[in-house]
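Below: the structure, in structure tokens.
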Amino acid sequence: MKISSRNLTALSGITELIKRTRSLATLDTILEPEWEFRYYSFNSKWDKGEQLASMRDGSGSFYFILFNSSGSIIKGFDRESPLGIYNEANGTPWPGVLDSVPSAFNEFLTEPAFFVGEATFCLWREFNDDLWRTGSIAFPNEEDPDGSERLLYILDGDPLTFKEWAEGYHEKSIPIDSIGKIYEHRPLTDELVQSLNPGIEMKDVIEDVEEIGYPHI
């Protein structure tokens with residue numbers, strides 16, 4: 001089964017999730033130099049002791065992943081899901097989605113930058129937890145009621161998953177070997193950058209890469 005709020009065991013631990021989301025942001029930075037057209041981003045200096053990964057699909061669906069001294073929390077919104085339709089119609093998330101979030105992540109839920117009041121799923125894991133957690137939710141009888149599978153499947157750590165998504169989005173062939181090197185966090189070089197996007201050089205993306213915190217030469 002793919003990652004979803006109903007299959008929490010498929011989601012990696014916090015350290016590995018940081019690595020994966022950094023890789024996604026780095027790949028998207030190289031493939032799409034224009035920030036406003038990117039899906040995935042990562043800010044390693046979001047705030048003191050905090051890092052932030054995010055996804056926005058340009059159609060109103062998104063996720064934010066905050067990493068802080070307590071652990072990590074993921075809030076997502078799939079506007080086309082049954083819970084998204086409910087959220088937009090009622091002006092509030094489906095019952096249970098945000099009700100059990102630990103106090104360590106309270107500020108995350110009230111930060112305007114994270115679209116307060118918009119959520120179809122929320123997952124969290126404190127460092128002393130042995131797995132990810134979510135609220136107690138009575139889901140409607142739908143295949144992916146909160147959209148978490150549709151938005152989070154990309155976090156499975158498989159370069160082929162990214163390749164299939166990116167080739168569909170960018171409408172061009174992308175070498176799996178180069179994607180794999182980014183997933184392995186091999187230091188970024190001009191050669192690696194140009195194998196992914198021959199139209200740019202590392203100097204064109206270095207500022208964003210340093211914000212992401214991805215290693216480079």
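Residue names in the structure tokens use chain letters A, B, ... in the order shown, residue numbers from 1 in each chain, and ligand numbers from 1 in the order shown.
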Quick one: DSSP strand (DSSP E or B) residues in range 27-205 of chain A, as a PyMOL selection string? chain A and resi 40-47+50-56+62-68+71-77+121-126+133+188
What lies within 10 Å of Leu52 in chain A using only C-alpha atoms, ignoring chain neighbours under 5 positions off, as a compact mmCIF listing (two decimals) with N, CA and C atoms, in the first residue's frame?
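The result, stored in result_8.txt:
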```txt
# COMPACT_ATOMS: atom_id res chain seq x y z
N ILE A 18 13.46 13.93 6.07
CA ILE A 18 14.19 15.16 5.76
C ILE A 18 15.03 14.96 4.50
N THR A 21 12.70 14.74 1.33
CA THR A 21 12.10 16.01 0.92
C THR A 21 13.15 16.99 0.42
N ARG A 22 14.35 16.92 0.96
CA ARG A 22 15.45 17.73 0.40
C ARG A 22 15.75 17.30 -1.04
N SER A 41 9.49 22.21 -2.47
CA SER A 41 10.49 23.13 -1.95
C SER A 41 10.93 22.68 -0.56
N PHE A 42 12.06 23.21 -0.12
CA PHE A 42 12.59 22.88 1.21
C PHE A 42 13.40 24.07 1.70
N ASN A 43 13.11 24.51 2.90
CA ASN A 43 13.83 25.63 3.51
C ASN A 43 14.49 25.11 4.79
N SER A 44 15.82 24.95 4.74
CA SER A 44 16.55 24.43 5.90
C SER A 44 16.75 25.49 6.98
N LYS A 45 16.35 26.74 6.67
CA LYS A 45 16.50 27.84 7.63
C LYS A 45 15.17 28.54 7.83
N TRP A 46 14.09 27.76 7.90
CA TRP A 46 12.76 28.34 8.02
C TRP A 46 12.67 29.24 9.25
N ASP A 47 13.14 28.74 10.38
CA ASP A 47 13.17 29.51 11.62
C ASP A 47 14.22 28.87 12.51
N PHE A 64 2.45 20.82 3.87
CA PHE A 64 3.57 21.43 4.57
C PHE A 64 4.09 20.41 5.57
N ILE A 65 5.41 20.28 5.66
CA ILE A 65 6.03 19.38 6.63
C ILE A 65 7.02 20.18 7.46
N LEU A 66 6.73 20.34 8.72
CA LEU A 66 7.60 21.08 9.63
C LEU A 66 8.46 20.10 10.42
N PHE A 67 9.75 20.39 10.48
CA PHE A 67 10.69 19.63 11.31
C PHE A 67 11.19 20.58 12.40
N ASN A 68 11.00 20.22 13.66
CA ASN A 68 11.49 21.07 14.74
C ASN A 68 12.09 20.22 15.86
N SER A 72 8.21 16.07 13.98
CA SER A 72 7.75 16.53 12.67
C SER A 72 6.22 16.43 12.59
N ILE A 73 5.63 17.34 11.82
CA ILE A 73 4.19 17.32 11.59
C ILE A 73 3.92 17.63 10.13
N ILE A 74 2.96 16.93 9.56
CA ILE A 74 2.57 17.10 8.16
C ILE A 74 1.11 17.52 8.11
N ILE A 212 18.05 24.97 0.52
CA ILE A 212 17.56 23.60 0.75
C ILE A 212 18.47 22.87 1.74
```
Could I get the residues of range 112-150 of chain A with an atom no further than 9 Å from an atom of range 75-84 of chain A, each paired with its nearest atom pair and that distance in Å to one decimal, using only C-alpha atoms, sorted by chain and residue number, as CSV?
```
residue,atom,partner,partner_atom,distance
A:Phe114,CA,A:Lys75,CA,8.4
A:Glu118,CA,A:Phe77,CA,6.3
A:Ala119,CA,A:Phe77,CA,4.6
A:Thr120,CA,A:Phe77,CA,4.8
A:Phe121,CA,A:Gly76,CA,5.3
A:Cys122,CA,A:Lys75,CA,4.4
A:Leu123,CA,A:Lys75,CA,6.6
A:Trp124,CA,A:Lys75,CA,8.6
A:Phe139,CA,A:Leu83,CA,8.5
A:Pro140,CA,A:Pro82,CA,7.7
A:Glu142,CA,A:Pro82,CA,7.9
A:Asp144,CA,A:Ser81,CA,7.3
A:Pro145,CA,A:Pro82,CA,5.4
A:Asp146,CA,A:Leu83,CA,5.2
A:Gly147,CA,A:Asp78,CA,5.2
A:Ser148,CA,A:Gly76,CA,7.2
A:Arg150,CA,A:Asp78,CA,8.2
```
Need the shell around range 90-97 of chain A: protein/DNA/RNA residues with any atom at most 6 Å away, counting only C-alpha atoms. Skip same-chain ones fewer than 3 positions apart. Format as a ChimeraX atom specification? /A:86-87,117,119,121,135-137
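Considering only C-alpha atoms, the residue among A:Leu31, A:Ala53, A:Ser103, A:Asn141 positioned nearest to Gln194 in chain A is A:Leu31.
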Which of these residues is nearest to Gly60 in chain A, using only C-alpha atoms: A:Ser23, A:Ala89, A:Trp35, A:Phe115?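 Ranking A:Ser23, A:Ala89, A:Trp35, A:Phe115 by distance to Gly60 in chain A, first place goes to A:Phe115.
The nearest approach to Thr9 in chain A among the residues A:Leu151, A:Ala104, A:Leu131, A:Ile200, with only C-alpha atoms taken into account, belongs to A:Leu131.
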Can you tell me, as a PyMOL selection string, which residues in range 97-145 of chain A count as helix (DSSP H, G or I) by DSSP? chain A and resi 103-110+112-114
Point out the residue among A:Glu143, A:Thr29, A:Leu24, A:Gly71 with the least atom-to-atom distance to Lys163 in chain A, counting only C-alpha atoms.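 The closest residue to Lys163 in chain A is A:Leu24.
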Quick one: residues within 9 Å of His185 in chain A, only C-alpha atoms, excluding same-chain residues fewer than 2 positions away - as a count of residues only? 11
What lies within 12 Å of Glu36 in chain A using only C-alpha atoms, ignoring chain neighbours under 6 positions off, as a short mmCIF file (atom, residue, chain, number, x, y, z; two decimals) with N, CA and C atoms, in the first residue's frame?
```
data_model
loop_
_atom_site.label_atom_id
_atom_site.label_comp_id
_atom_site.auth_asym_id
_atom_site.auth_seq_id
_atom_site.Cartn_x
_atom_site.Cartn_y
_atom_site.Cartn_z
N ASP A 28 13.53 19.33 -8.19
CA ASP A 28 12.58 20.28 -8.79
C ASP A 28 13.25 21.62 -9.08
N THR A 29 14.19 22.02 -8.24
CA THR A 29 14.94 23.25 -8.47
C THR A 29 15.73 23.17 -9.76
N MET A 55 4.81 21.24 -0.65
CA MET A 55 4.38 20.93 -2.00
C MET A 55 3.14 21.77 -2.30
N ARG A 56 3.13 22.37 -3.49
CA ARG A 56 1.94 23.06 -3.98
C ARG A 56 1.76 22.69 -5.44
N ASP A 57 0.54 22.25 -5.78
CA ASP A 57 0.34 21.76 -7.14
C ASP A 57 -0.20 22.81 -8.11
N GLY A 58 -0.38 24.04 -7.63
CA GLY A 58 -0.87 25.10 -8.50
C GLY A 58 -2.37 25.10 -8.70
#
```
One residue among A:Ile30, A:Ile85, A:Tyr39, A:Asp130 is nearest to Ile206 in chain A when using only C-alpha atoms, and that residue is A:Ile30
Which is closer to Val205 in chain A than all the others in A:Asp99, A:Glu88, A:Glu34, A:Asp177, using only C-alpha atoms?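 When distances to Val205 in chain A are compared using only C-alpha atoms, the smallest one comes from A:Glu34.
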Which polymer residues have any atom within 10 Å of an atom of Phe162 in chain A, counting only C-alpha atoms, with same-chain residues fewer than 3 positions away left out, as an mmCIF file with C-alpha atoms, in the first residue's frame?
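The new file out_6.cif reads:
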```cif
data_model
loop_
_atom_site.group_PDB
_atom_site.id
_atom_site.type_symbol
_atom_site.label_atom_id
_atom_site.label_comp_id
_atom_site.auth_asym_id
_atom_site.auth_seq_id
_atom_site.Cartn_x
_atom_site.Cartn_y
_atom_site.Cartn_z
ATOM 1 C CA LEU A 24 12.614 16.309 -4.089
ATOM 2 C CA LEU A 27 15.454 17.863 -8.226
ATOM 3 C CA ASP A 28 12.581 20.279 -8.789
ATOM 4 C CA TYR A 153 2.955 8.823 -2.419
ATOM 5 C CA ILE A 154 5.942 10.775 -3.779
ATOM 6 C CA LEU A 155 7.651 10.418 -0.365
ATOM 7 C CA ASP A 156 8.287 6.685 -0.807
ATOM 8 C CA GLY A 157 12.010 7.233 -1.506
ATOM 9 C CA ASP A 158 11.946 5.439 -4.880
ATOM 10 C CA PRO A 159 13.688 7.360 -7.705
ATOM 11 C CA TRP A 165 5.873 12.062 -11.965
ATOM 12 C CA ALA A 166 8.514 14.453 -13.328
ATOM 13 C CA GLU A 167 8.423 13.129 -16.874
ATOM 14 C CA GLY A 168 4.665 13.577 -16.913
ATOM 15 C CA ILE A 174 14.907 12.387 -17.125
ATOM 16 C CA ILE A 176 17.009 7.598 -13.535
ATOM 17 C CA ILE A 179 17.711 11.046 -9.951
ATOM 18 C CA GLY A 180 19.160 8.198 -7.902
ATOM 19 C CA TYR A 183 18.196 10.583 -3.636
#
```
